[in-house]
Every structure is written in structure tokens, then in C-alpha cells.
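Chemist: First the structure, which I've put down as C-alpha cells, then a few questions once you've had a look.
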Amino acid sequence: MDFIKVSKSSQFVFTLACLAAVAMMFVSEGSYRQSIKTLNDLGEMGVAHTALQELHLSVLDAESGQRGYLLTNRKEYLQPYDKGLNNIDKSLKALDLYYGDKPESTQKLVKLHSLIESKLSELALTINLHNEGKAESAIQITLSNIGRDQMDDFRTLSAELLERETRNVTASRNHIYRTLLLSRIGMSALSAISLLALFMYLRQSLVHKNREKEMQRSVQVERDRLEIEVVQRTAQLTELTYHLQTAREDERHRLARNLHDELGALLTSAKLDAARIKSRLAGRAPEALELLGHLVETLNSGIALGRSIIEDLRPSALGNLGLVATLEILAREFAEHSGVQVHCALEPVELEASAELMVYRLVQEAITNITKYARAKRVWISLGTRDGYVEVSVRDDGVGFDTTTQPRSAYGLVGMRFRVEAEGGTLILVSAPGQGAMIRARLPQSTPGTAQEPMRQ
């Protein structure tokens with residue numbers, strides 16, 4: 001993918017590199033084929049050159065053998081003669097094969113055959129005359145100028161052919177040198193072009209990498225800025241949540257105090273007045289006594305309702321009895337109203353007053369969610385100290401849910417998390433479909449002597 005991306009971003013460099021590679025292939029292949037052809041021609045020229053030399057030597061051998069035989073009459077001198085004849089035939093066949101496709105050399109080849117035939121005819125004639133007993137005639141023919149003229153013509157023609165082949169060999173060698181030189185120049189030029197293409201490619205890649213680094217740096221700066229902004233916004237939301245919760249609890253506390261002080265006093269005073277009126281009407285007006293009895297029961301119900309509202313707004317047990325007793329009361333009332341088995345493992349802990357109230361609200365919110373959604377049969381509530389931190393957890397065996405998906409109404413869980421973080425703690429939620437759910441909060445312990453004082457009603 002990176003190669004395709006770079007090739008698209010630098011099409012000119014990529015095209016230049018491809019053209020240089022194709023040109024190098026053509027130059028190399030052309031030089032190779034031309035060199036092979038020239039070397040093959042040189043081989044054929046060498047064969048022709050050798051055949052001419054062997055032909056010249058073979059004629060000389062045949063002539064030497066003929067003269068030795070005529071002078072000594074010894075048969076062993078005919079062996080070089082016969083050998084020369086065989087070599088002459090082989091050399092002529094090689095020359096015919098070489099000069100067969102060269103029209104410019106046809107006349108010289110015909111003349112060469114003619115001279116060789118004439119010379120061989122002379123040699124054969126003298127040997128036949130000698131064998132017939134006409135040695136003097138054979139010697140006279142040998143000493144005549146005919147054989148010398150034939151040999152001179154043969155030597156001249158052989159020298160011309162050898163000189164021509166020498167020139168051809170030199171020309172072919174020079175052609176190879178030129179081919180190699182051109183190939184060298186072409187390869188050097190193409191190598192320079194390839195290096196230029198490589199330089200341009202590396203330069204383009206460097207520019208591309210620098211651009212990517214600059215983009216990454218910009219993205220990283222933006223990401224850092226967003227992270228800082230997220231941290232700041234989270235801190236602001238945490239502070240806002242803490243402020244809202246504090247204001248809410250203060251309002252509840254004020255409302256609970258007003259209900260306790262004013263409404264409670266009014267209801268109690270009304271109950272006492274009804275009791276005094278009932279004592280004065282004793283035995284006089286049965287119907288009025290019955291109405292007064294109903295009024296007293298209504299006042300008692302109102303007083304009980306007021307106490308219940310006050311406890312919901314601000315649990316008096318939290319200030320009077322402590323966190324453990326308050327949670328036990330909350331768990332017992334929840335078990336009585338819902339029919340769910342509640343198992344408590346509560347230990348005394350050291351927490352700030354606001355943190356104790358937060359723990360109470362956390363457990364209260366958790367069991368409210370269990371009542372609404374969990375369809376659980378058992379609930380476990382635990383409170384204790386672990387590794388210098390206070391841990392509180394609420395676990396159920398209900399239907400559970402998928403924590404990776406955002407539920408439709410997650411404000412309760414979000415509120416729990418912000419409440420815990422506002423007190424410097426952390427909240428963990430563990431759940432899976434069909435496996436229940438667990439909420440665990442971990443809070444720092446308070447220093448000794450800062451526990452909440454009993455709340456006076």
C-alpha cells in the first residue's frame with residue numbers, strides 16, 4: 001500500500017525509473033546479441049583463416065613429398081604427399097562452406113580451386129611419369145617454370161585471402177570494442193538516469209515523510225489540546241456535579257429540618273389539642289368523641305408520613321447511628337418491601353460526612369435500579385476497608401446487561417460515577433447479560449476525628 005501511495009504521488013519519477021529499466025534491458029540485450037553475432041563471425045573467420053593456412057601448408061607438403069620421391073625414389077616420401085592431398089581436400093571444403101554465402105569472394109574461390117587443381121595435376125603427372133620410368137621427363141617438368149608460376153599465383157591468392165580475413169577479424173574485433181564501448185556508455189548513462197530517478201524518488205519520499213510528520217505533529221497537538229480540554233471539562237463537570245449534589249443535599253437537609261421543626265410541631269400541637277378536647281367531652285357527645293378519635297388517627301398518620309419524608313430527605317440514622325446501621329436499615333426495608341433476599345457484610349469505616357452520605361445515596365440508587373430493572377432474587381451489600389481504601393459494593397443475580405452498549409437511561413450510573421469521583425474515588429461497573437451486575441466504589445479513608453457528628457432533629 002505504501003508503494004502504491006508513493007508511486008501515485010510521484011508518477012514522473014516512477015515513469016522515469018520504468019523507462020530507464022526498460023532502456024537498460026534493451027541496451028543490454030542488444031549489446032549481447034550483437035556481441036554474440038560478432039563472436040560467431042570471428043569464429044568462422046578463424047576457421048577460414050586456419051583453413052587457408054592449412055591449405056598453403058598442405059600444398060607445400062604435397063610438393064615437398066613429390067620432389068623427395070622424384071629425387072630419392074623412396075616410397076616414404078609419398079606419405080606427406082598423400083597426407084597433403086587429404087588435408088587440401090578438407091581445407092577446400094571448409095573454404096567452400098565459408099565463402100559459399102559471400103558473392104564477393106566467389107571469383108577468388110574459383111581461381112583458388114583452379115590453381116590447386118593445376119598444381120595437383122602437375123604433381124600427379126610427374127609422379128605418374130616417374131612411376132612409368134620416365135624420370136627425366138618428370139624432372140624436366142618439375143624444373144620448369146610452370147610449377148613455380150602456379151605456386152606464386154597460389155601464394156599471392158592465399159595471401160590476399162589471408163589479408164582479407166585478417167582485415168575482417170580486425171574489423172569484427174573493433175566492432176566488438178565499439179559495441180562494448182557503446183554498451184558501457186549506455187549503461188553508464190542509464191545508471192546516471194536511474195540514480196537521478198532514485199534521488200528524485202528519495203527526495204519525494206522525504207518530502208512525503210516530512211509532510212506526514214507535520215500532519216502527525218498537528219494531529220498530536222490537536223489531540224493533546226482536546227485531551228486537555230476533555231480533562232478540564234471533566235473536572236468542571238465533576239465540580240458541577242459535586243456542587244449540585246451538595247446544593248441538593250443542603251436543600252433536602254433544610255426541607256427536612258423545616259418539616260421536622262415546623263410541620264412536626266404543628267401536627268404534634270394539633271394532636272395534643274385534640275387529646276385535651278377529647279378529655280373534656282368524655283361522656284357528653286359520643287359522636288364528637290368518635291370524630292376526635294378519627295382526627296387523632298389522621299394526625300398520627302400525618303406525623304408518620306412526615307417522619308418518612310424526613311428520613312427520605314435526610315436519614316437521621318446516618319447522623320445518629322452511623323453508616324453501618326443506616327445501611328442495615330435500608331437493606332432490611334428493601335427486603336421487606338421487595339421480597340428479595342439481602343445479604344449484608346458491613347464493617348465500620350472512616351469516612352467524611354459527605355462521603356458517608358454519598359455511600360448511602362449510592363447504595364440507595366443501586367437497590368432502586370435493582371427494583372426497576374434487575375428482576376433479582378438475591379442481593380449482596382458489602383462495606384469494608386481494603387488496602388487503606390474504603391470499598392462499598394452492591395451485587396445482584398438479576399438479568400444483567402451489556403456494559404459495552406449505551407443504555408437508554410444511563411443518567412443514574414453517570415450520576416453515581418460523578419458522585420464517587422467528586423469524593424476522590426473510583427467506580428467500577430461489572431455486568432453481562434444473564435450474569436447479574438455489580439457496582440463497586442473505592443474511596444479514600446478520612447483522617448481520624450473527622451467523622452460526622454450526630455444530626456439533631
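Numbering starts fresh at 1 for the residues of each chain in the C-alpha cells, the chains themselves are lettered A, B, ... in the order given, and ligands are numbered from 1 as they appear.
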Could you list, as a PyMOL selection string, every residue within 10 Å of A:Gln53, counting only C-alpha atoms and ignoring same-chain residues fewer than 3 positions away?

Modeler: chain A and resi 47-50+56-59+91+158-159+162

Chemist: With C-alpha atoms kept, could you save the residues just selected as a JSON list (two decimals), in the first residue's frame?

Modeler:
```json
[["chain", "number", "residue", "atom", "x", "y", "z"],
["A", 47, "VAL", "CA", 38.16, -21.36, -39.20],
["A", 48, "ALA", "CA", 38.64, -19.84, -42.68],
["A", 49, "HIS", "CA", 41.98, -18.34, -41.67],
["A", 50, "THR", "CA", 43.13, -21.69, -40.36],
["A", 56, "HIS", "CA", 49.03, -23.49, -48.01],
["A", 57, "LEU", "CA", 50.99, -25.89, -45.79],
["A", 58, "SER", "CA", 49.29, -28.91, -47.31],
["A", 59, "VAL", "CA", 50.23, -27.78, -50.84],
["A", 91, "SER", "CA", 40.62, -27.27, -46.36],
["A", 158, "SER", "CA", 46.30, -17.17, -50.40],
["A", 159, "ALA", "CA", 47.97, -14.02, -49.10],
["A", 162, "LEU", "CA", 44.50, -14.24, -45.54]]
```

Chemist: Here is a test: counting only C-alpha atoms, which residue of A:Asp61, A:Glu214, A:Glu423, A:Glu352 is nearest to A:Tyr77?

Modeler: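 Of all the options, A:Asp61 lies closest to A:Tyr77.
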
Chemist: Restricting the calculation to only C-alpha atoms: of A:Ala331, A:Gly400, A:Arg173, A:Ile193, which residue gets closest to A:Ala23?

Modeler: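 Closest to A:Ala23 of all the choices is A:Ile193.
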
Chemist: Would you please give, as a ChimeraX atom specification, all residues of stretch 311-441 of chain A that DSSP assigns to alpha helix (DSSP H) based on the backbone?

Modeler: /A:311-313,316-320,323-338,353-369,411-422

Chemist: Using only C-alpha atoms, which of the listed residues (A:Ala432, A:Val221, A:Leu318, A:Val296) sits closest to A:Met358?

Modeler: A:Leu318

Chemist: Determine, counting only C-alpha atoms, which protein, DNA and RNA residues have an atom within 12 Å of an atom of A:Thr371; residues of the same chain fewer than 6 positions away are not included. Present the result as an MDAnalysis selection string.

Modeler: chainID A and resid 334:335 337:340 364:365 377:379 396 398:399

Chemist: Go ahead and save the picked residues with C-alpha atoms, as a compact mmCIF listing (two decimals), in the first residue's frame.

Modeler:
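Final file, out29.txt:
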```
# COMPACT_ATOMS: atom_id res chain seq x y z
CA PHE A 334 -35.74 -3.03 50.88
CA ALA A 335 -36.01 -6.76 51.65
CA HIS A 337 -40.89 -4.23 50.53
CA SER A 338 -39.45 -6.23 47.56
CA GLY A 339 -39.20 -9.78 48.90
CA VAL A 340 -35.58 -10.02 47.70
CA GLN A 364 -29.94 3.61 47.66
CA GLU A 365 -29.66 4.30 43.92
CA LYS A 377 -33.75 -12.81 43.75
CA ARG A 378 -30.70 -12.08 45.90
CA VAL A 379 -28.62 -9.00 46.61
CA ASP A 396 -27.27 -8.90 42.35
CA GLY A 398 -30.52 -10.44 38.05
CA VAL A 399 -30.70 -10.31 34.28
```

Chemist: Compare A:Met187, A:Leu198, A:Ala317, A:Leu120 by their minimum atom-to-atom distance to A:Glu29, counting only C-alpha atoms, and give me the closest one.

Modeler: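 The closest residue to A:Glu29 is A:Met187.
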
Chemist: Give me every strand (DSSP E or B) residue in stretch 201-420 of chain A, going by DSSP on the backbone, as a PyMOL selection string.

Modeler: chain A and resi 341-346+378-386+389-396
